[in-house]
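Asker: mmCIF, C-alpha atoms, file work.cif:
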```
data_protein
#
loop_
_atom_site.label_atom_id
_atom_site.label_comp_id
_atom_site.auth_asym_id
_atom_site.auth_seq_id
_atom_site.Cartn_x
_atom_site.Cartn_y
_atom_site.Cartn_z
CA MET A 4 8.37 204.61 67.23
CA THR A 5 11.64 203.56 65.62
CA PRO A 6 11.95 200.36 63.59
CA GLU A 7 14.17 199.01 66.35
CA ALA A 8 11.49 199.66 68.93
CA VAL A 9 8.86 198.02 66.72
CA GLU A 10 11.11 195.00 66.28
CA ARG A 11 11.65 194.82 70.03
CA ASP A 12 7.89 195.02 70.59
CA PHE A 13 7.31 192.22 68.04
CA ARG A 14 9.85 190.02 69.79
CA GLU A 15 8.51 190.70 73.24
CA LYS A 16 4.95 190.09 72.14
CA VAL A 17 5.69 186.74 70.55
CA CYS A 18 8.30 185.57 73.07
CA ASP A 19 6.27 186.52 76.14
CA GLN A 20 3.41 184.36 74.98
CA LEU A 21 5.55 181.34 74.22
CA ARG A 22 6.21 179.21 77.27
CA LEU A 23 6.30 175.63 78.54
CA ALA A 24 4.57 174.24 81.62
CA SER A 25 5.49 170.86 83.04
CA GLU A 26 2.69 168.29 83.12
CA GLY A 27 4.53 165.27 84.47
CA LEU A 28 7.52 163.24 83.48
CA ASP A 29 8.94 164.28 80.09
CA ARG A 30 5.73 166.04 79.21
CA TYR A 31 5.11 169.78 78.82
CA ARG A 32 2.22 171.92 77.66
CA VAL A 33 3.28 174.48 75.06
CA PHE A 34 1.51 177.82 75.31
CA THR A 35 1.51 179.94 72.17
CA PRO A 36 -0.42 183.03 71.08
CA PHE A 37 -1.94 181.17 68.13
CA GLN A 38 -5.69 180.66 68.26
CA PHE A 39 -8.74 179.15 66.66
CA GLU A 40 -11.29 181.66 65.42
CA ASP A 41 -13.21 181.44 68.71
CA GLY A 42 -10.29 182.63 70.86
CA ASP A 43 -9.26 179.18 72.08
CA HIS A 44 -5.53 178.69 71.68
CA LEU A 45 -4.09 175.72 69.85
CA ALA A 46 -3.52 172.73 72.12
CA ILE A 47 0.11 171.62 71.90
CA VAL A 48 2.03 169.15 74.04
CA PHE A 49 5.79 168.58 73.93
CA LYS A 50 6.61 165.06 75.08
CA ARG A 51 9.13 162.27 74.87
CA GLU A 52 8.44 159.23 72.74
CA GLY A 53 11.12 156.63 73.27
CA SER A 54 14.42 158.26 72.47
CA SER A 55 12.95 161.22 70.61
CA TRP A 56 10.73 164.20 71.32
CA VAL A 57 7.50 165.11 69.55
CA LEU A 58 4.94 167.86 69.40
CA SER A 59 1.37 166.61 69.60
CA ASP A 60 -2.10 168.12 69.63
CA GLU A 61 -3.36 164.96 71.38
CA GLY A 62 -6.40 164.92 69.10
CA HIS A 63 -7.68 168.34 70.12
CA THR A 64 -7.64 169.98 66.68
CA TYR A 65 -9.98 167.55 64.97
CA MET A 66 -12.21 167.45 68.03
CA HIS A 67 -12.45 171.24 68.00
CA LEU A 68 -13.42 171.19 64.33
CA THR A 69 -16.31 168.82 65.07
CA TYR A 70 -17.99 171.52 67.15
CA GLU A 71 -19.31 172.83 63.86
CA LEU A 72 -18.37 170.30 61.20
CA ASP A 73 -19.49 166.74 60.70
CA GLU A 74 -16.59 164.37 61.30
CA ARG A 75 -17.14 162.76 57.90
CA ASP A 76 -16.86 166.11 56.13
CA LEU A 77 -13.22 166.33 57.23
CA HIS A 78 -12.36 163.28 55.21
CA LYS A 79 -13.75 164.15 51.83
CA GLY A 80 -13.70 166.83 49.15
CA THR A 81 -11.89 170.12 49.53
CA ARG A 82 -11.51 169.81 53.30
CA GLU A 83 -9.67 166.52 52.96
CA LYS A 84 -7.36 168.05 50.35
CA ILE A 85 -6.55 171.03 52.58
CA ILE A 86 -5.82 168.76 55.54
CA THR A 87 -3.79 166.24 53.56
CA ASN A 88 -1.75 169.01 52.00
CA ALA A 89 -1.05 170.68 55.34
CA LEU A 90 0.07 167.42 56.90
CA SER A 91 2.31 166.66 53.95
CA VAL A 92 3.92 170.09 53.64
CA PHE A 93 4.79 170.31 57.33
CA ALA A 94 5.61 166.60 57.83
CA VAL A 95 2.91 166.08 60.44
CA GLU A 96 1.55 162.58 61.09
CA ASP A 97 -2.13 161.84 61.64
CA ARG A 98 -2.23 158.98 64.15
CA GLU A 99 -5.92 158.13 64.30
CA GLY A 100 -6.85 161.72 64.98
CA GLU A 101 -3.75 162.76 66.93
CA LEU A 102 -1.50 165.13 64.97
CA VAL A 103 2.17 164.55 65.74
CA LEU A 104 5.42 166.11 64.56
CA ARG A 105 8.66 164.35 65.39
CA ILE A 106 11.49 166.74 66.24
CA GLU A 107 14.62 166.08 64.18
CA ASP A 108 18.18 167.10 65.05
CA GLU A 109 17.12 169.09 68.10
CA ARG A 110 15.50 171.73 65.87
CA TYR A 111 12.81 172.53 68.43
CA GLY A 112 12.01 176.02 67.14
CA ASP A 113 11.62 174.93 63.53
CA ALA A 114 9.43 172.05 64.62
CA LEU A 115 7.14 174.34 66.61
CA TYR A 116 6.78 176.77 63.71
CA ASN A 117 5.95 173.95 61.33
CA PHE A 118 3.51 172.37 63.73
CA VAL A 119 1.68 175.64 64.40
CA GLN A 120 1.46 176.39 60.69
CA ALA A 121 0.04 172.93 60.00
CA LEU A 122 -2.60 173.27 62.70
CA LEU A 123 -3.61 176.74 61.52
CA LYS A 124 -3.91 175.52 57.93
CA ILE A 125 -6.12 172.69 59.10
CA THR A 126 -8.37 174.98 61.11
CA ASP A 127 -8.97 176.94 57.90
CA VAL A 128 -11.39 174.23 56.77
CA THR A 129 -14.03 175.78 59.03
CA TYR A 130 -14.28 178.70 56.61
CA LEU A 131 -15.69 176.31 54.05
CA SER A 132 -18.71 175.73 56.27
CA ARG A 133 -19.92 179.30 56.05
CA GLU A 134 -22.49 178.66 53.37
CA ARG A 135 -23.06 175.00 53.98
CA VAL A 136 -26.72 174.10 53.94
CA ARG A 137 -27.77 172.43 57.13
CA SER A 138 -30.05 169.60 56.19
CA THR A 139 -33.01 169.06 58.47
CA PHE A 140 -33.54 165.52 57.21
CA LEU A 141 -32.31 163.74 60.33
CA GLU A 142 -34.26 166.08 62.58
CA ASP A 143 -37.39 165.60 60.46
CA PHE A 144 -36.91 161.84 60.50
CA ARG A 145 -36.61 161.77 64.27
CA ALA A 146 -39.64 164.04 64.66
CA LEU A 147 -41.70 161.75 62.44
CA MET A 148 -40.75 158.71 64.50
CA GLU A 149 -41.56 160.57 67.71
CA GLU A 150 -44.98 161.50 66.35
CA THR A 151 -45.73 158.05 64.97
CA VAL A 152 -44.32 155.62 67.52
CA PRO A 153 -45.13 155.75 71.26
CA GLU A 154 -42.12 156.46 73.45
CA SER A 155 -42.28 153.06 75.11
CA ARG A 156 -41.96 151.31 71.76
CA ARG A 157 -39.06 153.17 70.20
CA ALA A 158 -35.34 153.51 70.84
CA PHE A 159 -33.20 155.91 68.85
CA ASP A 160 -29.57 155.12 68.02
CA TRP A 161 -30.04 151.54 69.13
CA TYR A 162 -27.28 148.93 69.01
CA HIS A 163 -26.95 145.37 70.29
CA ARG A 164 -25.33 145.79 73.69
CA GLU A 165 -24.12 142.19 74.06
CA ARG A 166 -22.85 141.53 70.54
CA ASP A 167 -21.77 145.06 69.74
CA PRO A 168 -20.57 146.87 72.90
CA ASP A 169 -18.64 149.39 70.80
CA ALA A 170 -21.82 150.39 68.95
CA LYS A 171 -20.33 149.82 65.50
CA TYR A 172 -23.63 148.67 64.00
CA GLY A 173 -26.34 151.16 64.87
CA VAL A 174 -30.03 151.48 64.09
CA ASP A 175 -31.48 154.97 63.85
CA CYS A 176 -34.80 153.91 65.36
CA ARG A 177 -35.73 150.48 66.69
CA ILE A 178 -39.44 149.82 67.12
CA ASN A 179 -40.14 147.04 69.60
CA SER A 180 -42.93 145.05 71.23
CA MET A 181 -43.70 142.84 68.28
CA ALA A 182 -42.60 139.41 67.10
CA ARG A 183 -39.78 140.90 65.05
CA PRO A 184 -38.63 144.45 65.86
CA LEU A 185 -38.65 146.96 63.03
CA PHE A 186 -35.29 148.63 62.36
CA VAL A 187 -35.77 152.03 60.72
CA PHE A 188 -32.80 153.70 59.03
CA ALA A 189 -32.48 157.30 57.87
CA VAL A 190 -30.21 157.33 54.82
CA GLN A 191 -28.92 160.72 53.74
CA ASN A 192 -25.91 159.85 51.55
CA ASP A 193 -23.75 157.12 50.00
CA ASP A 194 -21.71 156.63 53.18
CA LYS A 195 -24.80 155.99 55.24
CA ALA A 196 -26.18 153.63 52.60
CA ARG A 197 -22.94 151.63 52.68
CA ASP A 198 -22.87 151.60 56.49
CA THR A 199 -26.47 150.42 56.62
CA THR A 200 -25.80 147.67 54.10
CA ILE A 201 -22.93 146.41 56.26
CA THR A 202 -25.05 146.70 59.40
CA LEU A 203 -27.88 144.64 57.88
CA HIS A 204 -25.43 141.98 56.72
CA GLN A 205 -23.97 141.83 60.23
CA PHE A 206 -27.41 141.46 61.80
CA GLU A 207 -28.14 138.61 59.38
CA LYS A 208 -24.85 136.99 60.32
CA TRP A 209 -25.75 137.20 64.00
CA GLY A 210 -29.11 135.59 63.21
CA LEU A 211 -31.17 138.46 64.60
CA ALA A 212 -34.89 138.35 63.89
CA PHE A 213 -35.96 141.73 62.57
CA ARG A 214 -37.61 143.65 59.75
CA SER A 215 -36.06 146.72 58.18
CA VAL A 216 -37.17 149.88 56.47
CA ALA A 217 -35.01 152.66 55.06
CA VAL A 218 -36.06 156.25 54.48
CA PHE A 219 -33.81 158.11 52.06
CA GLU A 220 -33.28 161.84 52.11
CA ASP A 221 -33.07 161.66 48.30
CA GLN A 222 -32.74 158.21 46.82
CA GLU A 223 -31.88 159.60 43.39
CA SER A 224 -28.68 161.11 44.78
CA ILE A 225 -27.37 157.71 45.91
CA ASN A 226 -24.73 156.06 43.73
CA ARG A 227 -26.33 153.38 41.54
CA ARG A 228 -24.06 150.53 42.64
CA VAL A 229 -24.30 151.51 46.30
CA LEU A 230 -28.07 151.53 46.01
CA ALA A 231 -28.10 148.17 44.23
CA ARG A 232 -26.14 146.54 47.06
CA PHE A 233 -28.35 148.18 49.62
CA SER A 234 -31.51 146.96 47.86
CA ASP A 235 -30.27 143.38 48.19
CA VAL A 236 -30.50 143.48 51.98
CA GLY A 237 -32.97 146.30 52.71
CA GLU A 238 -36.53 145.03 53.07
CA LYS A 239 -38.55 148.19 52.43
CA LEU A 240 -37.28 151.46 50.96
CA PHE A 241 -38.85 154.90 50.79
CA SER A 242 -37.23 157.21 48.25
CA SER A 243 -37.69 160.38 50.34
CA LEU A 244 -39.28 161.54 53.55
CA GLY A 245 -41.37 164.53 52.55
CA ALA A 246 -43.24 163.01 49.64
CA ASN A 247 -43.79 159.67 51.40
CA ARG A 248 -44.66 160.90 54.83
CA ASP A 249 -48.17 159.38 54.91
CA ARG A 250 -46.98 156.09 53.44
CA ILE A 251 -44.16 155.83 55.97
CA VAL A 252 -46.56 156.48 58.85
CA GLN A 253 -48.98 153.87 57.49
CA TYR A 254 -46.24 151.30 57.00
CA VAL A 255 -44.86 151.80 60.51
CA GLN A 256 -48.31 151.66 62.09
CA ASP A 257 -49.24 148.51 60.15
CA SER A 258 -45.97 146.94 61.24
CA MET A 259 -46.65 147.79 64.88
CA ASN A 260 -50.18 146.43 64.74
CA GLY A 261 -49.29 143.38 62.74
CA MET B 12 -26.57 182.44 56.01
CA ALA B 13 -25.57 182.39 59.65
CA ALA B 14 -28.23 183.77 61.96
CA ARG B 15 -27.48 186.61 64.37
CA PHE B 16 -29.09 187.20 67.73
CA THR B 17 -29.11 190.06 70.21
CA ASP B 18 -28.12 189.46 73.83
CA ALA B 19 -31.80 189.60 74.80
CA GLU B 20 -32.72 186.99 72.19
CA ILE B 21 -29.86 184.76 73.33
CA ALA B 22 -31.10 185.01 76.91
CA GLU B 23 -34.61 184.11 75.76
CA LEU B 24 -33.37 181.07 73.85
CA LEU B 25 -31.41 179.89 76.88
CA ALA B 26 -34.34 180.37 79.24
CA GLU B 27 -36.89 178.65 77.01
CA PRO B 28 -38.04 175.41 78.69
CA LYS B 29 -36.51 172.43 76.89
CA PRO B 30 -38.08 169.07 77.71
CA LEU B 31 -35.59 166.22 77.68
CA PRO B 32 -36.82 162.95 76.14
CA TYR B 33 -37.31 160.04 78.53
CA ASP B 34 -34.34 158.20 77.00
CA TYR B 35 -31.97 161.18 76.97
CA GLN B 36 -29.34 159.37 79.02
CA GLY B 37 -29.08 156.56 76.50
CA ARG B 38 -28.95 159.02 73.63
CA LEU B 39 -26.10 160.87 75.31
CA GLN B 40 -23.97 157.76 75.58
CA LEU B 41 -20.52 158.57 74.21
CA ARG B 42 -19.31 156.76 71.13
CA GLN B 43 -15.81 156.62 69.75
CA ARG B 44 -14.82 158.58 66.66
CA SER B 45 -11.19 159.02 65.55
CA GLY B 46 -9.46 160.05 68.75
CA HIS B 47 -12.41 161.34 70.69
CA GLU B 48 -15.80 160.27 71.98
CA ARG B 49 -18.98 162.07 71.11
CA ALA B 50 -22.71 162.19 71.57
CA GLU B 51 -25.44 164.44 70.25
CA LEU B 52 -29.06 164.90 71.22
CA ASP B 53 -31.70 166.98 69.46
CA VAL B 54 -34.42 168.58 71.54
CA ARG B 55 -37.52 170.32 70.25
CA THR B 56 -39.44 172.73 72.46
CA PRO B 57 -43.25 173.08 72.50
CA SER B 58 -42.84 176.35 70.57
CA GLY B 59 -41.09 174.49 67.77
CA ASN B 60 -37.56 175.73 68.44
CA ARG B 61 -34.82 173.18 67.87
CA PHE B 62 -31.73 172.75 70.00
CA ARG B 63 -28.86 170.30 70.00
CA ILE B 64 -26.63 169.13 72.84
CA LEU B 65 -23.16 168.10 71.66
CA LEU B 66 -20.69 166.26 73.88
CA ARG B 67 -17.03 165.70 73.09
CA GLN B 68 -14.40 163.91 75.18
CA ASN B 69 -10.78 163.61 74.12
CA MET B 70 -9.63 160.03 74.70
CA ARG B 71 -6.00 161.07 75.28
CA ASN B 72 -6.62 163.87 77.76
CA ALA B 73 -9.39 163.64 80.37
CA LEU B 74 -9.29 167.41 80.83
CA ASP B 75 -10.06 168.05 77.17
CA PHE B 76 -13.86 168.01 76.76
CA SER B 77 -16.79 170.09 75.59
CA ALA B 78 -20.48 170.22 76.38
CA ILE B 79 -22.29 172.46 73.92
CA ILE B 80 -25.82 173.71 73.41
CA ALA B 81 -26.58 174.94 69.91
CA HIS B 82 -29.75 176.36 68.41
CA ALA B 83 -30.96 175.48 64.91
CA PRO B 84 -32.52 178.72 63.63
CA PRO B 85 -35.39 178.02 61.22
CA ASN B 86 -34.10 180.40 58.55
CA SER B 87 -30.41 179.65 58.78
CA SER B 88 -28.14 177.03 57.32
CA LEU B 89 -25.88 176.82 60.37
CA PHE B 90 -26.19 176.01 64.03
CA PHE B 91 -25.81 178.88 66.49
CA ARG B 92 -23.79 177.85 69.55
CA LEU B 93 -25.27 179.43 72.66
CA ARG B 94 -22.95 177.99 75.32
CA ARG B 95 -19.89 175.77 75.42
CA TYR B 96 -18.48 174.28 78.61
CA ASN B 97 -14.80 173.53 78.03
CA GLY B 98 -12.17 171.59 79.91
CA ARG B 99 -8.74 172.81 80.94
CA SER B 100 -6.69 171.80 77.93
CA HIS B 101 -5.83 175.10 76.28
CA GLU B 102 -5.64 178.81 76.91
CA HIS B 103 -8.43 181.15 75.88
CA THR B 104 -8.17 184.80 74.89
CA ASN B 105 -11.05 187.26 74.81
CA ARG B 106 -9.99 189.55 72.01
CA LEU B 107 -12.19 192.50 72.93
CA GLU B 108 -11.33 192.44 76.61
CA GLY B 109 -7.69 191.46 76.06
CA THR B 110 -7.82 188.78 78.76
CA THR B 111 -6.13 185.38 78.55
CA PHE B 112 -6.51 182.47 80.97
CA TYR B 113 -5.83 178.75 81.28
CA ASP B 114 -8.68 177.14 83.18
CA PHE B 115 -12.00 175.33 82.85
CA HIS B 116 -14.20 177.83 81.09
CA ILE B 117 -17.62 178.58 79.64
CA HIS B 118 -18.06 180.13 76.20
CA LEU B 119 -21.09 182.40 75.88
CA ALA B 120 -22.69 183.68 72.69
CA THR B 121 -22.72 187.46 72.71
CA GLU B 122 -23.97 190.19 70.45
CA ARG B 123 -20.68 192.09 70.57
CA TYR B 124 -18.56 189.20 69.28
CA GLN B 125 -21.04 188.54 66.46
CA ALA B 126 -20.59 192.17 65.49
CA LEU B 127 -16.87 191.49 65.13
CA GLY B 128 -17.67 188.93 62.47
CA GLY B 129 -16.17 186.04 64.43
CA LYS B 130 -17.66 183.04 66.14
CA GLU B 131 -20.68 183.89 68.23
CA GLU B 132 -19.34 182.09 71.31
CA SER B 133 -15.88 183.70 71.21
CA PHE B 134 -16.26 185.24 74.66
CA ALA B 135 -15.46 182.91 77.56
CA GLU B 136 -15.06 183.15 81.30
CA PRO B 137 -13.25 180.83 83.72
CA SER B 138 -15.39 178.54 85.85
CA ASN B 139 -14.83 176.37 88.91
CA ARG B 140 -18.26 174.72 88.68
CA PHE B 141 -17.09 171.62 86.83
CA ALA B 142 -13.95 169.55 86.35
CA ASP B 143 -15.07 166.84 83.93
CA LEU B 144 -17.55 166.26 81.13
CA ARG B 145 -20.23 164.94 83.44
CA GLY B 146 -20.04 168.05 85.58
CA ALA B 147 -20.00 170.27 82.49
CA LEU B 148 -23.16 168.63 81.17
CA ASN B 149 -24.85 169.03 84.54
CA CYS B 150 -24.05 172.75 84.43
CA LEU B 151 -25.34 173.00 80.87
CA LEU B 152 -28.62 171.30 81.76
CA ASP B 153 -29.00 173.51 84.84
CA ASP B 154 -28.15 176.75 83.06
CA CYS B 155 -29.98 176.36 79.79
CA GLY B 156 -33.61 175.63 80.62
CA PHE B 157 -33.65 171.84 80.33
CA ARG B 158 -36.48 169.96 82.04
CA LEU B 159 -36.05 166.37 83.16
CA PRO B 160 -38.66 163.90 81.88
CA ASP B 161 -41.55 162.91 84.14
CA THR B 162 -40.65 159.23 84.05
CA PRO B 163 -38.42 158.04 86.89
CA GLN B 164 -34.76 158.35 86.00
CA LEU B 165 -31.64 156.80 87.32
CA SER B 166 -29.08 159.17 88.74
CA LEU B 167 -28.33 161.97 86.32
CA LEU B 168 -25.94 160.96 83.57
CA GLU B 169 -25.28 157.55 85.06
CA GLY B 170 -23.19 155.63 82.60
CA LEU B 171 -22.38 158.66 80.49
CA THR B 172 -18.67 158.16 80.59
CA PRO B 173 -16.87 154.83 80.35
#
```
Have the structure of the file written as structure tokens, please.
Answerer:
Amino acid sequence: MTPEAVERDFREKVCDQLRLASEGLDRYRVFTPFQFEDGDHLAIVFKREGSSWVLSDEGHTYMHLTYELDERDLHKGTREKIITNALSVFAVEDREGELVLRIEDERYGDALYNFVQALLKITDVTYLSRERVRSTFLEDFRALMEETVPESRRAFDWYHRERDPDAKYGVDCRINSMARPLFVFAVQNDDKARDTTITLHQFEKWGLAFRSVAVFEDQESINRRVLARFSDVGEKLFSSLGANRDRIVQYVQDSMNG
Amino acid sequence: MAARFTDAEIAELLAEPKPLPYDYQGRLQLRQRSGHERAELDVRTPSGNRFRILLRQNMRNALDFSAIIAHAPPNSSLFFRLRRYNGRSHEHTNRLEGTTFYDFHIHLATERYQALGGKEESFAEPSNRFADLRGALNCLLDDCGFRLPDTPQLSLLEGLTP
């Protein structure tokens, strides 16, 4: 095959797989040959915003990444750096999870190339999960609660439906049918410790009657200041699950019987 | 390290009876997270195998959703995704077969795609069995060995989506 024929084949291959499909007024789906590692193609929409046009992934890219990554992992460490760098280099905005590139000076082709490159760079963060250790702490915590507390007396992922319809302040396991329900929290890292501190403060503010207990995955790994603030509002703390299993069971059972 | 399974083992994992907890509907309530809604539910079988249902719904595009069943192998550090029921928001290409389509589709874990070194659920086929997340989850529960709890339930997945 001559170089000219190869070049023609390249062009046909790429061009044939690039097309637009109308999806309503001033809105088009952009089909490209570029894919995630699982064969799904990038999700790209070309749409009008006021007087200008943009390319958007409509939040699909981050959502796709959460099939195998924890949402929080995208916003810290090396993954955050990769994402931030890709957004910056290709001038892509992150609008609360929606990635958007505004098209300047009618340079549609350049914009598409930049947008695709940004999305592909961002999808690279999945390669960092290859050797990630999957903690079984949350699964073990839930199993312990299931073994210890009768089904009728426990609710996982509980939140106050009247005061908190958006479920911003959650309880990992609420144990009921006593004067004051027992709120049990599984705390695996600094973020969760901070969230739980805020949650307990909010419950106090609402005047809820409750008792609380926190089970850490590894209390020694929690930042000292974070732990100090948590200790101010947390009623009972267990430094780890494995080594305190019997004590946790005893405490929960005493609480239910008391 | 990521676990690998043969097609026969994948079929066994899918067929294994998976009892749903009595409060599974509440635990599959979607919650908002940066641009999409999500829910996850862990299920343990009598044999000790662990599975997870993951739901995702894009808040900007009703046709962009996923219902996933993943297995947590005891000797692996990563989840193994057995099935994924996807909306119609993007094209999919099966690299080995050379087929591309734009439709609702179901990803299936296969031995041959693991051998390629890619994602286990890289093979997918179009489906007309569902058109939204609720329907996708119903298909997942039907296809993957889930058993409803004995306690009386409200209609399946009532209140799942806003």
Asker: Determine the nearest neighbour of Ser45 of chain B from the options A:Lys208, A:Arg22, A:His63, A:His44, counting all atoms listed in the file.
Answerer: A:His63
Asker: Compute the distance from (-40.7, 162.1, 60.1) to each atom, counting all atoms listed in the file, keep the residues with any atom at most 12 Å away, and return them as a PDB file with C-alpha atoms, in the frame of the given file; use the coordinates of the file.
Answerer:
```pdb
ATOM      1  CA  THR A 139     -33.010 169.060  58.470  1.00  0.00           C
ATOM      2  CA  PHE A 140     -33.540 165.520  57.210  1.00  0.00           C
ATOM      3  CA  LEU A 141     -32.310 163.740  60.330  1.00  0.00           C
ATOM      4  CA  GLU A 142     -34.260 166.080  62.580  1.00  0.00           C
ATOM      5  CA  ASP A 143     -37.390 165.600  60.460  1.00  0.00           C
ATOM      6  CA  PHE A 144     -36.910 161.840  60.500  1.00  0.00           C
ATOM      7  CA  ARG A 145     -36.610 161.770  64.270  1.00  0.00           C
ATOM      8  CA  ALA A 146     -39.640 164.040  64.660  1.00  0.00           C
ATOM      9  CA  LEU A 147     -41.700 161.750  62.440  1.00  0.00           C
ATOM     10  CA  MET A 148     -40.750 158.710  64.500  1.00  0.00           C
ATOM     11  CA  GLU A 149     -41.560 160.570  67.710  1.00  0.00           C
ATOM     12  CA  GLU A 150     -44.980 161.500  66.350  1.00  0.00           C
ATOM     13  CA  THR A 151     -45.730 158.050  64.970  1.00  0.00           C
ATOM     14  CA  VAL A 152     -44.320 155.620  67.520  1.00  0.00           C
ATOM     15  CA  CYS A 176     -34.800 153.910  65.360  1.00  0.00           C
ATOM     16  CA  VAL A 187     -35.770 152.030  60.720  1.00  0.00           C
ATOM     17  CA  PHE A 188     -32.800 153.700  59.030  1.00  0.00           C
ATOM     18  CA  ALA A 189     -32.480 157.300  57.870  1.00  0.00           C
ATOM     19  CA  VAL A 218     -36.060 156.250  54.480  1.00  0.00           C
ATOM     20  CA  PHE A 219     -33.810 158.110  52.060  1.00  0.00           C
ATOM     21  CA  GLU A 220     -33.280 161.840  52.110  1.00  0.00           C
ATOM     22  CA  PHE A 241     -38.850 154.900  50.790  1.00  0.00           C
ATOM     23  CA  SER A 243     -37.690 160.380  50.340  1.00  0.00           C
ATOM     24  CA  LEU A 244     -39.280 161.540  53.550  1.00  0.00           C
ATOM     25  CA  GLY A 245     -41.370 164.530  52.550  1.00  0.00           C
ATOM     26  CA  ALA A 246     -43.240 163.010  49.640  1.00  0.00           C
ATOM     27  CA  ASN A 247     -43.790 159.670  51.400  1.00  0.00           C
ATOM     28  CA  ARG A 248     -44.660 160.900  54.830  1.00  0.00           C
ATOM     29  CA  ASP A 249     -48.170 159.380  54.910  1.00  0.00           C
ATOM     30  CA  ARG A 250     -46.980 156.090  53.440  1.00  0.00           C
ATOM     31  CA  ILE A 251     -44.160 155.830  55.970  1.00  0.00           C
ATOM     32  CA  VAL A 252     -46.560 156.480  58.850  1.00  0.00           C
ATOM     33  CA  GLN A 253     -48.980 153.870  57.490  1.00  0.00           C
ATOM     34  CA  VAL A 255     -44.860 151.800  60.510  1.00  0.00           C
TER      35      VAL A 255
END
```
Asker: Find the residues of chain A in contact range of chain B, meaning any atom within 6 Å when counting only C-alpha atoms, and list them as a list of chain:residue names.
Answerer: A:Asp41, A:Gly42, A:Asp43, A:His44, A:Ala46, A:Gly62, A:Glu99, A:Gly100, A:Val136, A:Arg137
Asker: What does the distance between atom CA of His82 of chain B and atom CA of Val190 of chain A come to in Å, to one decimal place?
Answerer: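 Interatomic distance, atom CA of His82 of chain B to atom CA of Val190 of chain A: 23.4 Å.
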Asker: If you measure from atom CA of Leu211 of chain A to atom CA of Arg227 of chain A, what distance in Å do you get, rounded to one decimal?
Answerer: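 Spanning atom CA of Leu211 of chain A to atom CA of Arg227 of chain A is a straight-line distance of 27.9 Å.
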Asker: Using only C-alpha atoms, which residues sit within 6 Å of Arg158 of chain B once same-chain residues fewer than 6 positions away are excluded, as a PyMOL selection string?
Answerer: chain B and resi 29-31
